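Only one structure is covered here, and it is reproduced in the block below.
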Amino acid sequence: MEANLTPDAADRSLVAVVDDDEALRDSLIWLLRSVGLETAAYPTGEALLEANDVHHAAILLDVRMPGLSGLQVQQQLRERGDVAPVIFMTGHGDVPMAVQALKAGAFDFIEK
């Protein structure tokens, strides 16, 4: 996990930003923090899954990343009982992908 946590952020709910594009992650973190939200940034789905001791209030999740795809990460989150709302982000989405994500419980599916 990148060092985007304030000293006491581990005790609060965080918005997770999961994207392999560092510039996009930084922009989203800046935007979320500008409205007072705490954030945690992850460059991969695996990094998010490894942070299982951190409570996320919501997860902004890229669909296409190296390693696990966003859809695979969503499935693993569901299997372990994580109920944080997932909002998918993609620059290369299609209708079947969006349908799959929403049927699996995604809160929303948006284009970058």
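Identifiers in this document derive from the order of the structure tokens: chains are assigned A, B, ..., residues are numbered from 1 separately in each chain, and ligands are numbered from 1 in order of occurrence.
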
> Leaving out His92 in chain A and any residue of its chain fewer than 4 positions from it, which residues lie within 12 Å of it when counting only C-alpha atoms, given as a list of chain:residue names?
Replying inline: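 Counting only C-alpha atoms, the residues come to A:Asp62, A:Val63, A:Arg64, A:Met65, A:Phe88, A:Pro96, A:Met97, A:Ala98, A:Phe109, A:Ile110, A:Glu111, A:Lys112.
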
>> Using DSSP assignments from the backbone, pull out every residue in range 43-79 of chain A that falls under alpha helix (DSSP H) and give it to me as JSON, numbers by chain.
In response: {"A": [45, 46, 47, 48, 49, 50, 70, 71, 72, 73, 74, 75, 76, 77, 78, 79]}

Please produce an output containing N, CA, C and O atoms for each residue in the selection, written as a PDB file, in the first residue's frame.
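As a result, out.pdb now contains:
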```
ATOM      1  N   GLY A  45      -4.579  -5.106  -7.630  1.00  0.00           N
ATOM      2  CA  GLY A  45      -5.623  -5.771  -6.860  1.00  0.00           C
ATOM      3  C   GLY A  45      -5.047  -6.623  -5.749  1.00  0.00           C
ATOM      4  O   GLY A  45      -5.608  -6.711  -4.653  1.00  0.00           O
ATOM      5  N   GLU A  46      -3.902  -7.239  -6.024  1.00  0.00           N
ATOM      6  CA  GLU A  46      -3.255  -8.066  -5.003  1.00  0.00           C
ATOM      7  C   GLU A  46      -2.889  -7.237  -3.776  1.00  0.00           C
ATOM      8  O   GLU A  46      -3.055  -7.692  -2.639  1.00  0.00           O
ATOM      9  N   ALA A  47      -2.403  -6.015  -4.000  1.00  0.00           N
ATOM     10  CA  ALA A  47      -2.042  -5.136  -2.877  1.00  0.00           C
ATOM     11  C   ALA A  47      -3.269  -4.809  -2.034  1.00  0.00           C
ATOM     12  O   ALA A  47      -3.192  -4.780  -0.803  1.00  0.00           O
ATOM     13  N   LEU A  48      -4.404  -4.586  -2.673  1.00  0.00           N
ATOM     14  CA  LEU A  48      -5.645  -4.339  -1.929  1.00  0.00           C
ATOM     15  C   LEU A  48      -6.015  -5.557  -1.093  1.00  0.00           C
ATOM     16  O   LEU A  48      -6.332  -5.445   0.090  1.00  0.00           O
ATOM     17  N   LEU A  49      -5.970  -6.730  -1.707  1.00  0.00           N
ATOM     18  CA  LEU A  49      -6.347  -7.950  -0.996  1.00  0.00           C
ATOM     19  C   LEU A  49      -5.415  -8.247   0.170  1.00  0.00           C
ATOM     20  O   LEU A  49      -5.849  -8.799   1.185  1.00  0.00           O
ATOM     21  N   GLU A  50      -4.149  -7.871   0.062  1.00  0.00           N
ATOM     22  CA  GLU A  50      -3.197  -8.084   1.154  1.00  0.00           C
ATOM     23  C   GLU A  50      -3.462  -7.160   2.335  1.00  0.00           C
ATOM     24  O   GLU A  50      -3.051  -7.451   3.453  1.00  0.00           O
ATOM     25  N   GLY A  70      -9.852  -6.436 -12.135  1.00  0.00           N
ATOM     26  CA  GLY A  70     -10.791  -5.903 -11.157  1.00  0.00           C
ATOM     27  C   GLY A  70     -11.933  -6.856 -10.865  1.00  0.00           C
ATOM     28  O   GLY A  70     -12.379  -6.980  -9.723  1.00  0.00           O
ATOM     29  N   LEU A  71     -12.407  -7.557 -11.892  1.00  0.00           N
ATOM     30  CA  LEU A  71     -13.492  -8.515 -11.691  1.00  0.00           C
ATOM     31  C   LEU A  71     -13.045  -9.672 -10.800  1.00  0.00           C
ATOM     32  O   LEU A  71     -13.811 -10.155  -9.956  1.00  0.00           O
ATOM     33  N   GLN A  72     -11.797 -10.114 -10.960  1.00  0.00           N
ATOM     34  CA  GLN A  72     -11.268 -11.173 -10.103  1.00  0.00           C
ATOM     35  C   GLN A  72     -11.106 -10.687  -8.664  1.00  0.00           C
ATOM     36  O   GLN A  72     -11.392 -11.427  -7.716  1.00  0.00           O
ATOM     37  N   VAL A  73     -10.674  -9.448  -8.503  1.00  0.00           N
ATOM     38  CA  VAL A  73     -10.542  -8.878  -7.165  1.00  0.00           C
ATOM     39  C   VAL A  73     -11.912  -8.783  -6.499  1.00  0.00           C
ATOM     40  O   VAL A  73     -12.075  -9.144  -5.335  1.00  0.00           O
ATOM     41  N   GLN A  74     -12.911  -8.328  -7.249  1.00  0.00           N
ATOM     42  CA  GLN A  74     -14.268  -8.233  -6.715  1.00  0.00           C
ATOM     43  C   GLN A  74     -14.735  -9.604  -6.229  1.00  0.00           C
ATOM     44  O   GLN A  74     -15.310  -9.720  -5.137  1.00  0.00           O
ATOM     45  N   GLN A  75     -14.489 -10.640  -7.011  1.00  0.00           N
ATOM     46  CA  GLN A  75     -14.899 -11.994  -6.629  1.00  0.00           C
ATOM     47  C   GLN A  75     -14.216 -12.422  -5.327  1.00  0.00           C
ATOM     48  O   GLN A  75     -14.863 -12.963  -4.432  1.00  0.00           O
ATOM     49  N   GLN A  76     -12.921 -12.161  -5.214  1.00  0.00           N
ATOM     50  CA  GLN A  76     -12.210 -12.547  -3.998  1.00  0.00           C
ATOM     51  C   GLN A  76     -12.698 -11.759  -2.783  1.00  0.00           C
ATOM     52  O   GLN A  76     -12.797 -12.302  -1.682  1.00  0.00           O
ATOM     53  N   LEU A  77     -13.015 -10.484  -2.985  1.00  0.00           N
ATOM     54  CA  LEU A  77     -13.578  -9.694  -1.890  1.00  0.00           C
ATOM     55  C   LEU A  77     -14.902 -10.288  -1.427  1.00  0.00           C
ATOM     56  O   LEU A  77     -15.151 -10.416  -0.221  1.00  0.00           O
ATOM     57  N   ARG A  78     -15.746 -10.648  -2.365  1.00  0.00           N
ATOM     58  CA  ARG A  78     -17.048 -11.251  -2.025  1.00  0.00           C
ATOM     59  C   ARG A  78     -16.857 -12.570  -1.294  1.00  0.00           C
ATOM     60  O   ARG A  78     -17.551 -12.853  -0.318  1.00  0.00           O
ATOM     61  N   GLU A  79     -15.919 -13.392  -1.769  1.00  0.00           N
ATOM     62  CA  GLU A  79     -15.683 -14.696  -1.148  1.00  0.00           C
ATOM     63  C   GLU A  79     -15.230 -14.583   0.294  1.00  0.00           C
ATOM     64  O   GLU A  79     -15.539 -15.436   1.108  1.00  0.00           O
TER      65      GLU A  79
END
```

> For Glu22 in chain A, which residue out of A:Val95, A:Ala41, A:Val54, A:Ala104 is the nearest one, using only C-alpha atoms?
Replying inline: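 Checking each of A:Val95, A:Ala41, A:Val54, A:Ala104 against Glu22 in chain A, counting only C-alpha atoms, the winner is A:Ala41.
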
> Could you pull out the strand (DSSP E) residues of chain A from DSSP and send them as a PyMOL selection string?
Replying inline: chain A and resi 14-18+39-42+56-62+86-90+108-111
